>>> print(open('query-v8.cif').read())   # mmCIF, C-alpha atoms
data_data
loop_
_atom_site.label_atom_id
_atom_site.label_comp_id
_atom_site.auth_asym_id
_atom_site.auth_seq_id
_atom_site.Cartn_x
_atom_site.Cartn_y
_atom_site.Cartn_z
CA MET F 1 9.78 -41.84 -91.89
CA LYS F 2 9.86 -43.51 -88.49
CA ALA F 3 12.94 -45.65 -87.83
CA VAL F 4 12.54 -49.37 -87.35
CA GLN F 5 14.01 -50.29 -83.96
CA PHE F 6 16.03 -53.44 -83.27
CA GLN F 7 16.67 -54.23 -79.62
CA SER F 8 19.73 -56.39 -80.27
CA TYR F 9 21.80 -57.90 -83.04
CA LYS F 10 19.64 -61.00 -82.81
CA ASP F 11 16.67 -58.92 -84.00
CA HIS F 12 18.57 -57.53 -86.98
CA PRO F 13 17.27 -58.97 -90.28
CA PHE F 14 20.76 -59.01 -91.88
CA TRP F 15 19.76 -57.54 -95.22
CA GLY F 16 21.92 -59.03 -97.91
CA ARG F 17 23.41 -62.48 -98.38
CA ILE F 18 25.24 -63.83 -95.31
CA LEU F 19 28.50 -65.50 -96.35
CA ARG F 20 29.80 -66.37 -92.87
CA ARG F 21 28.58 -65.90 -89.32
CA GLN F 22 30.00 -66.71 -85.88
CA GLU F 23 28.89 -66.00 -82.30
CA ILE F 24 31.85 -65.45 -79.97
CA ALA F 25 31.91 -64.27 -76.35
CA GLY F 26 29.04 -61.79 -76.45
CA SER F 27 29.65 -60.72 -80.05
CA VAL F 28 28.30 -61.77 -83.43
CA LEU F 29 30.65 -61.61 -86.42
CA SER F 30 29.21 -61.68 -89.92
CA GLU F 31 30.35 -61.21 -93.50
CA THR F 32 27.53 -60.13 -95.81
CA ALA F 33 27.26 -59.36 -99.53
CA TYR F 34 24.90 -56.71 -100.94
CA ILE F 35 23.73 -56.34 -104.52
CA PRO F 36 24.47 -53.07 -106.38
CA HIS F 37 22.24 -50.05 -105.56
CA PHE F 38 20.58 -51.88 -102.66
CA SER F 39 18.90 -49.61 -100.08
CA VAL F 40 18.40 -50.34 -96.39
CA PRO F 41 15.51 -48.39 -94.82
CA ARG F 42 15.97 -46.12 -91.82
CA HIS F 43 16.48 -48.17 -88.67
CA VAL F 44 18.16 -48.12 -85.27
CA HIS F 45 19.98 -50.70 -83.14
CA ASP F 46 18.92 -50.00 -79.58
CA GLN F 47 21.86 -50.06 -77.12
CA VAL F 48 23.91 -52.36 -79.34
CA GLY F 49 27.21 -51.18 -80.79
CA TYR F 50 28.84 -52.56 -83.91
CA PHE F 51 31.86 -52.20 -86.15
CA CYS F 52 31.51 -52.46 -89.92
CA LEU F 53 34.57 -52.98 -92.14
CA THR F 54 34.07 -52.44 -95.88
CA LEU F 55 35.83 -55.24 -97.74
CA GLN F 56 34.70 -54.48 -101.28
CA GLY F 57 32.48 -51.93 -102.95
CA GLY F 58 31.08 -49.22 -100.73
CA TYR F 59 27.98 -47.49 -99.42
CA ALA F 60 26.63 -44.21 -98.13
CA GLU F 61 25.13 -43.98 -94.66
CA TYR F 62 22.59 -41.27 -93.89
CA SER F 63 21.85 -40.17 -90.33
CA ARG F 64 20.35 -37.05 -88.80
CA LEU F 65 23.82 -35.64 -88.11
CA GLN F 66 25.74 -36.43 -91.28
CA THR F 67 26.28 -38.49 -94.40
CA ARG F 68 29.25 -40.87 -94.51
CA GLU F 69 30.79 -42.29 -97.68
CA LEU F 70 32.40 -45.63 -96.81
CA GLY F 71 34.68 -47.20 -99.41
CA PRO F 72 37.00 -50.20 -99.33
CA ALA F 73 39.24 -50.60 -96.27
CA THR F 74 37.24 -48.18 -94.11
CA LEU F 75 35.84 -48.97 -90.68
CA LEU F 76 32.66 -47.61 -89.10
CA TYR F 77 31.86 -47.77 -85.40
CA HIS F 78 28.16 -47.32 -84.74
CA SER F 79 27.09 -46.34 -81.25
CA PRO F 80 23.74 -47.60 -79.93
CA GLY F 81 20.55 -45.76 -80.73
CA GLU F 82 21.54 -43.70 -83.80
CA ALA F 83 18.94 -43.96 -86.56
CA HIS F 84 20.36 -44.32 -90.05
CA SER F 85 19.71 -45.65 -93.56
CA ASP F 86 22.13 -47.05 -96.16
CA LYS F 87 22.50 -46.90 -99.93
CA PHE F 88 24.98 -49.27 -101.57
CA SER F 89 27.22 -48.44 -104.53
CA SER F 90 26.99 -49.58 -108.15
CA ASP F 91 29.30 -52.53 -107.36
CA GLU F 92 28.58 -55.56 -105.22
CA THR F 93 29.59 -54.71 -101.65
CA ARG F 94 30.93 -56.99 -98.94
CA LEU F 95 30.89 -55.93 -95.29
CA PHE F 96 32.40 -57.53 -92.20
CA CYS F 97 30.48 -56.58 -89.04
CA ILE F 98 31.18 -57.15 -85.35
CA TRP F 99 28.02 -56.80 -83.28
CA VAL F 100 28.81 -56.17 -79.60
CA SER F 101 26.25 -57.22 -77.01
CA ARG F 102 24.71 -54.87 -74.47
CA GLU F 103 26.48 -56.73 -71.66
CA ARG F 104 29.92 -56.43 -73.29
CA LEU F 105 29.47 -52.71 -73.94
CA ARG F 106 28.41 -52.19 -70.34
CA ALA F 107 31.49 -54.05 -69.09
CA VAL F 108 33.79 -51.91 -71.24
CA ARG F 109 32.07 -48.72 -70.12
CA ASP F 110 32.74 -49.69 -66.49
CA HIS F 111 36.48 -49.34 -67.20
CA THR F 112 36.61 -46.34 -69.54
CA THR F 113 34.87 -43.11 -70.42
CA ALA F 114 33.15 -44.62 -73.42
CA ALA F 115 32.07 -42.40 -76.28
CA ASP F 116 28.45 -42.29 -77.36
CA ASN F 117 29.23 -40.96 -80.83
CA SER F 118 29.67 -43.00 -83.98
CA ALA F 119 32.95 -42.65 -85.85
CA HIS F 120 34.67 -43.94 -88.95
CA PHE F 121 38.32 -44.68 -89.58
CA THR F 122 40.32 -44.67 -92.80
CA HIS F 123 43.71 -45.22 -91.16
CA GLY F 124 45.45 -46.03 -87.90
CA SER F 125 45.56 -48.75 -85.28
CA THR F 126 41.76 -49.11 -85.05
CA LEU F 127 41.47 -50.02 -88.73
CA GLN F 128 44.44 -52.37 -88.50
CA LEU F 129 42.89 -54.18 -85.52
CA ALA F 130 39.76 -54.72 -87.60
CA PHE F 131 41.88 -56.27 -90.37
CA ARG F 132 43.34 -58.69 -87.81
CA VAL F 133 39.89 -59.66 -86.50
CA TYR F 134 38.70 -60.37 -90.04
CA LYS F 135 41.76 -62.47 -90.82
CA GLU F 136 41.11 -64.56 -87.71
CA PHE F 137 37.43 -64.83 -88.60
CA ARG F 138 38.34 -66.16 -92.06
CA SER F 139 40.67 -68.87 -90.71
CA MET F 140 38.92 -70.06 -87.55
CA ASP F 141 40.59 -72.71 -85.38
CA GLU F 142 40.19 -73.77 -81.76
CA VAL F 143 42.11 -70.73 -80.47
CA SER F 144 40.37 -68.15 -82.70
CA PRO F 145 37.52 -67.34 -80.26
CA LEU F 146 40.07 -66.33 -77.62
CA VAL F 147 42.05 -64.25 -80.12
CA ILE F 148 38.91 -62.56 -81.49
CA GLU F 149 37.60 -61.75 -78.02
CA GLY F 150 40.87 -60.04 -77.12
CA LEU F 151 41.09 -58.14 -80.40
CA THR F 152 37.47 -56.97 -80.08
CA LEU F 153 38.19 -55.55 -76.64
CA GLU F 154 41.25 -53.78 -78.07
CA LEU F 155 39.10 -52.46 -80.89
CA LEU F 156 36.58 -50.98 -78.45
CA ALA F 157 39.34 -49.48 -76.30
CA GLU F 158 41.07 -47.86 -79.29
CA THR F 159 37.76 -46.45 -80.55
CA PHE F 160 36.92 -44.87 -77.22
CA ARG F 161 40.48 -43.61 -76.76
CA ALA F 162 40.39 -41.93 -80.18
CA ALA F 163 37.13 -40.18 -79.23
CA GLN F 164 38.68 -38.91 -75.98
CA ARG F 165 41.69 -37.52 -77.84
CA GLU F 166 39.40 -35.80 -80.35
CA VAL F 167 37.70 -33.91 -77.51
CA LYS F 168 40.95 -33.11 -75.69
CA TYR F 169 42.68 -31.45 -78.63
CA PHE F 170 39.80 -30.03 -80.64
CA ASP F 171 40.67 -26.46 -79.58
CA GLN F 172 44.17 -26.51 -81.12
CA PRO F 173 43.62 -25.83 -84.85
CA TRP F 174 47.32 -26.08 -85.71
CA ILE F 175 47.36 -29.80 -84.87
CA LYS F 176 44.67 -30.34 -87.50
CA ARG F 177 46.79 -28.43 -90.04
CA ALA F 178 49.77 -30.63 -89.17
CA ARG F 179 47.66 -33.77 -89.59
CA ASP F 180 46.31 -32.56 -92.94
CA LEU F 181 49.83 -31.85 -94.18
CA ILE F 182 51.02 -35.32 -93.18
CA GLN F 183 48.02 -36.99 -94.77
CA ALA F 184 48.58 -35.08 -98.02
CA ARG F 185 52.29 -35.96 -98.18
CA PHE F 186 52.56 -39.29 -96.32
CA ASN F 187 54.38 -40.90 -99.25
CA ASP F 188 57.05 -38.15 -99.31
CA THR F 189 60.08 -37.75 -97.08
CA LEU F 190 58.90 -35.43 -94.29
CA LEU F 191 60.85 -33.90 -91.39
CA VAL F 192 59.32 -32.95 -88.05
CA SER F 193 61.05 -29.57 -88.27
CA GLU F 194 59.46 -28.96 -91.69
CA ILE F 195 55.98 -29.79 -90.39
CA ALA F 196 56.46 -27.66 -87.27
CA GLU F 197 57.61 -24.66 -89.30
CA SER F 198 54.63 -25.04 -91.63
CA VAL F 199 52.11 -24.84 -88.75
CA GLY F 200 54.04 -22.29 -86.68
CA VAL F 201 55.03 -24.27 -83.57
CA HIS F 202 58.26 -25.58 -82.08
CA PRO F 203 59.20 -29.15 -83.14
CA VAL F 204 59.30 -30.31 -79.51
CA HIS F 205 55.80 -28.95 -78.90
CA LEU F 206 54.57 -30.59 -82.10
CA THR F 207 55.91 -34.01 -81.14
CA ARG F 208 54.48 -33.82 -77.61
CA VAL F 209 50.99 -32.69 -78.61
CA PHE F 210 50.89 -34.96 -81.66
CA ARG F 211 51.56 -38.03 -79.52
CA GLY F 212 48.87 -36.93 -77.07
CA ARG F 213 46.34 -36.40 -79.83
CA PHE F 214 47.08 -39.45 -82.00
CA GLY F 215 48.74 -41.86 -79.56
CA CYS F 216 51.87 -42.25 -81.69
CA THR F 217 54.85 -40.35 -83.03
CA VAL F 218 54.77 -38.48 -86.34
CA GLY F 219 56.90 -41.22 -87.92
CA GLU F 220 54.58 -43.97 -86.67
CA TYR F 221 51.59 -42.05 -88.00
CA VAL F 222 53.21 -41.76 -91.44
CA ARG F 223 53.92 -45.49 -91.44
CA GLN F 224 50.27 -46.21 -90.58
CA LEU F 225 49.10 -44.01 -93.44
CA ARG F 226 51.37 -45.85 -95.87
CA VAL F 227 50.09 -49.23 -94.70
CA ASP F 228 46.48 -48.07 -94.98
CA SER F 229 47.06 -46.70 -98.48
CA ALA F 230 48.56 -50.02 -99.55
CA CYS F 231 45.64 -51.92 -97.98
CA ARG F 232 43.10 -49.88 -99.93
CA GLU F 233 44.93 -50.53 -103.19
CA LEU F 234 45.30 -54.24 -102.45
CA SER F 235 41.59 -54.60 -101.71
CA ASN F 236 40.35 -52.40 -104.53
CA SER F 237 42.74 -52.84 -107.46
CA ARG F 238 44.89 -55.34 -109.32
CA LYS F 239 47.95 -53.10 -109.56
CA PRO F 240 51.33 -54.86 -109.28
CA LEU F 241 52.68 -55.07 -105.73
CA ALA F 242 55.84 -53.16 -106.65
CA GLU F 243 53.75 -50.26 -107.95
CA ILE F 244 51.57 -50.23 -104.83
CA ALA F 245 54.67 -50.21 -102.63
CA THR F 246 56.27 -47.29 -104.46
CA THR F 247 53.07 -45.23 -104.60
CA ALA F 248 52.49 -45.67 -100.85
CA GLY F 249 56.02 -44.50 -100.03
CA PHE F 250 57.78 -47.79 -99.31
CA CYS F 251 61.32 -48.41 -100.54
CA ASP F 252 60.32 -51.53 -102.45
CA GLN F 253 57.98 -54.51 -102.44
CA ALA F 254 59.98 -56.30 -99.74
CA HIS F 255 59.69 -53.28 -97.44
CA LEU F 256 55.92 -53.22 -97.98
CA SER F 257 55.69 -56.97 -97.26
CA ARG F 258 57.58 -56.72 -93.97
CA THR F 259 55.60 -53.72 -92.76
CA LEU F 260 52.18 -55.02 -93.78
CA LYS F 261 52.88 -58.35 -92.09
CA ARG F 262 53.74 -56.55 -88.86
CA PHE F 263 50.62 -54.37 -88.91
CA THR F 264 47.96 -56.78 -90.22
CA GLY F 265 49.46 -60.24 -89.80
CA MET F 266 49.28 -60.78 -93.58
CA THR F 267 51.63 -60.44 -96.52
CA PRO F 268 50.38 -58.35 -99.48
CA ILE F 269 49.50 -61.51 -101.40
CA GLU F 270 47.58 -62.93 -98.42
CA PHE F 271 45.81 -59.60 -97.85
CA ARG F 272 44.74 -59.33 -101.48
CA SER F 273 43.57 -62.95 -101.50
CA VAL F 274 41.45 -62.49 -98.37
CA PHE F 275 39.96 -59.10 -99.17
CA ARG F 276 39.20 -59.73 -102.82
CA SER F 277 37.69 -63.20 -102.39
CA SER F 278 33.97 -63.71 -101.98
#
>>> encode(input="query-v8.cif", output="structure tokens")
Amino acid sequence: MKAVQFQSYKDHPFWGRILRRQEIAGSVLSETAYIPHFSVPRHVHDQVGYFCLTLQGGYAEYSRLQTRELGPATLLYHSPGEAHSDKFSSDETRLFCIWVSRERLRAVRDHTTAADNSAHFTHGSTLQLAFRVYKEFRSMDEVSPLVIEGLTLELLAETFRAAQREVKYFDQPWIKRARDLIQARFNDTLLVSEIAESVGVHPVHLTRVFRGRFGCTVGEYVRQLRVDSACRELSNSRKPLAEIATTAGFCDQAHLSRTLKRFTGMTPIEFRSVFRSS
């Protein structure tokens, strides 16, 4: 089936029910609800990039290269020109999208080696920046356009930086094993020496390469994983905050509250209120 082509976000039909929409400094921000099992036909956004944050529910995206399963608290960056179709889950789904104009993408590409590949994020600074953009979008005031413009630029920069790191360190399989170990045990007490021994490298070498690959220390990466785990639970369950904190590896609910506030600008109660409201 031939893909339907949209030259810009202004041509996009916005399948689903638009809950909110704002145009800010070369970008369009929208929050849209989709009914269960809804399908979007194969289409392409020509030379227009966008971010899509899943707030509730989920969907599968099908492209020529791969299939992505995107659940709550996951972020997709879609590069221009990649044909794809979507199939939504059995629950109502809400998505927050940031459509970036051709001119803004060109300006960013003038200052960085921008990636042409799409990518999705389930943890890390890129996802947390998207949370902050959505929070600002939900509580617009006279300063919000300035804040959102700055955060969107950061979001693009972090996305392209992550792609560059992926290329730079793809030929070191031990760093992937170290990452997988950390992701499997992020809520445990881990030591750098333990991780290094497990993957067969010196702890100093691990810390140096890990920072180069992920842009943070091992400890910072673990903290990000714990925050992201808590965010997914807050947006997708009604578990007590104390239980969410303990399961994610925090000392207690107060520790979770302080850390989440620092990373997302919201307390757990605020986060749950924003991401579970329609």
>>> atom_distance(input="query-v8.cif", atom1="atom CA of His37 of chain F", atom2="atom CA of Cys97 of chain F")
19.6 Å
>>> closest_residue(input="query-v8.cif", among="F:Thr267, F:Ser144, F:Thr126, F:Gln253", to="Gln22 of chain F", atoms="all atoms listed in the file")
F:Ser144
>>> resolve_selection(input="query-v8.cif", expression="the PyMOL selection byres ((chain F and resi 206) around 10)", output="list in words")
Trp174, Ile175, Ala178, Val192, Ser193, Ile195, Ala196, Glu197, Val199, Gly200, Val201, His202, Pro203, Val204, His205, Thr207, Arg208, Val209, Phe210, Arg211, Gly212, Thr217 and Val218 of chain F
>>> closest_residue(input="query-v8.cif", among="F:Phe263, F:Phe51, F:Trp15, F:Phe214", to="Leu29 of chain F", atoms="all atoms listed in the file")
F:Phe51
>>> residues_around(input="query-v8.cif", residues="Ser237 of chain F", least_positions_apart="6", cutoff="12 Å", atoms="only C-alpha atoms", output="PDB file with C-alpha atoms, in the frame of the given file")
ATOM      1  CA  GLN F  56      34.700 -54.480-101.280  1.00  0.00           C
ATOM      2  CA  GLY F  57      32.480 -51.930-102.950  1.00  0.00           C
ATOM      3  CA  PRO F  72      37.000 -50.200 -99.330  1.00  0.00           C
ATOM      4  CA  ALA F  73      39.240 -50.600 -96.270  1.00  0.00           C
ATOM      5  CA  SER F 229      47.060 -46.700 -98.480  1.00  0.00           C
ATOM      6  CA  ALA F 230      48.560 -50.020 -99.550  1.00  0.00           C
ATOM      7  CA  CYS F 231      45.640 -51.920 -97.980  1.00  0.00           C
ATOM      8  CA  GLU F 243      53.750 -50.260-107.950  1.00  0.00           C
ATOM      9  CA  ILE F 244      51.570 -50.230-104.830  1.00  0.00           C
ATOM     10  CA  ARG F 272      44.740 -59.330-101.480  1.00  0.00           C
ATOM     11  CA  SER F 273      43.570 -62.950-101.500  1.00  0.00           C
ATOM     12  CA  PHE F 275      39.960 -59.100 -99.170  1.00  0.00           C
ATOM     13  CA  ARG F 276      39.200 -59.730-102.820  1.00  0.00           C
TER      14      ARG F 276
END
>>> residues_around(input="query-v8.cif", residues="Ala245 of chain F", least_positions_apart="6", cutoff="10 Å", atoms="only C-alpha atoms", output="PyMOL selection string")
chain F and resi 187+226-227+229-230+233+251-257+268
>>> resolve_selection(input="query-v8.cif", expression="the PyMOL selection byres ((chain F and resi 33) around 7)", output="list in words")
Gly16, Arg17, Ile18, Thr32, Tyr34, Ile35, Glu92, Thr93, Arg94 and Leu95 of chain F
>>> axis_aligned_box(input="query-v8.cif", around="segment 145-150 of chain F", padding_each_side="3 Å", output="lines of an AutoDock Vina configuration file")
center_x = 39.8
center_y = -63.7
center_z = -79.3
size_x = 10.5
size_y = 13.3
size_z = 10.4
>>> resolve_selection(input="query-v8.cif", expression="the PyMOL selection byres ((chain F and resi 104) around 12)", output="list in words")
Ile24, Ala25, Gly26, Ser27, Val28, Gln47, Val48, Gly49, Tyr50, Trp99, Val100, Ser101, Arg102, Glu103, Leu105, Arg106, Ala107, Val108, Arg109, Asp110, His111, Glu149, Thr152, Leu153 and Leu156 of chain F
>>> residues_around(input="query-v8.cif", residues="Gly58 of chain F", least_positions_apart="3", cutoff="7 Å", atoms="all atoms listed in the file", output="ChimeraX atom specification")
/F:54,70-72,88-89,93
>>> atom_distance(input="query-v8.cif", atom1="atom CA of Pro173 of chain F", atom2="atom CA of Ala157 of chain F")
25.5 Å
>>> atom_distance(input="query-v8.cif", atom1="atom CA of Leu127 of chain F", atom2="atom CA of His78 of chain F")
14.2 Å
>>> closest_residue(input="query-v8.cif", among="F:Thr264, F:Thr159, F:Thr189, F:Gln172", to="Glu136 of chain F", atoms="all atoms listed in the file")
F:Thr264
>>> closest_residue(input="query-v8.cif", among="F:Asn236, F:Ser90, F:Ser63, F:Ser85", to="Pro36 of chain F", atoms="only C-alpha atoms")
F:Ser90
>>> closest_residue(input="query-v8.cif", among="F:Arg132, F:His120, F:Arg213, F:Lys176", to="Arg161 of chain F", atoms="all atoms listed in the file")
F:Arg213
>>> closest_residue(input="query-v8.cif", among="F:Arg20, F:Ile98, F:Gly265, F:Ser118", to="Met140 of chain F", atoms="all atoms listed in the file")
F:Arg20
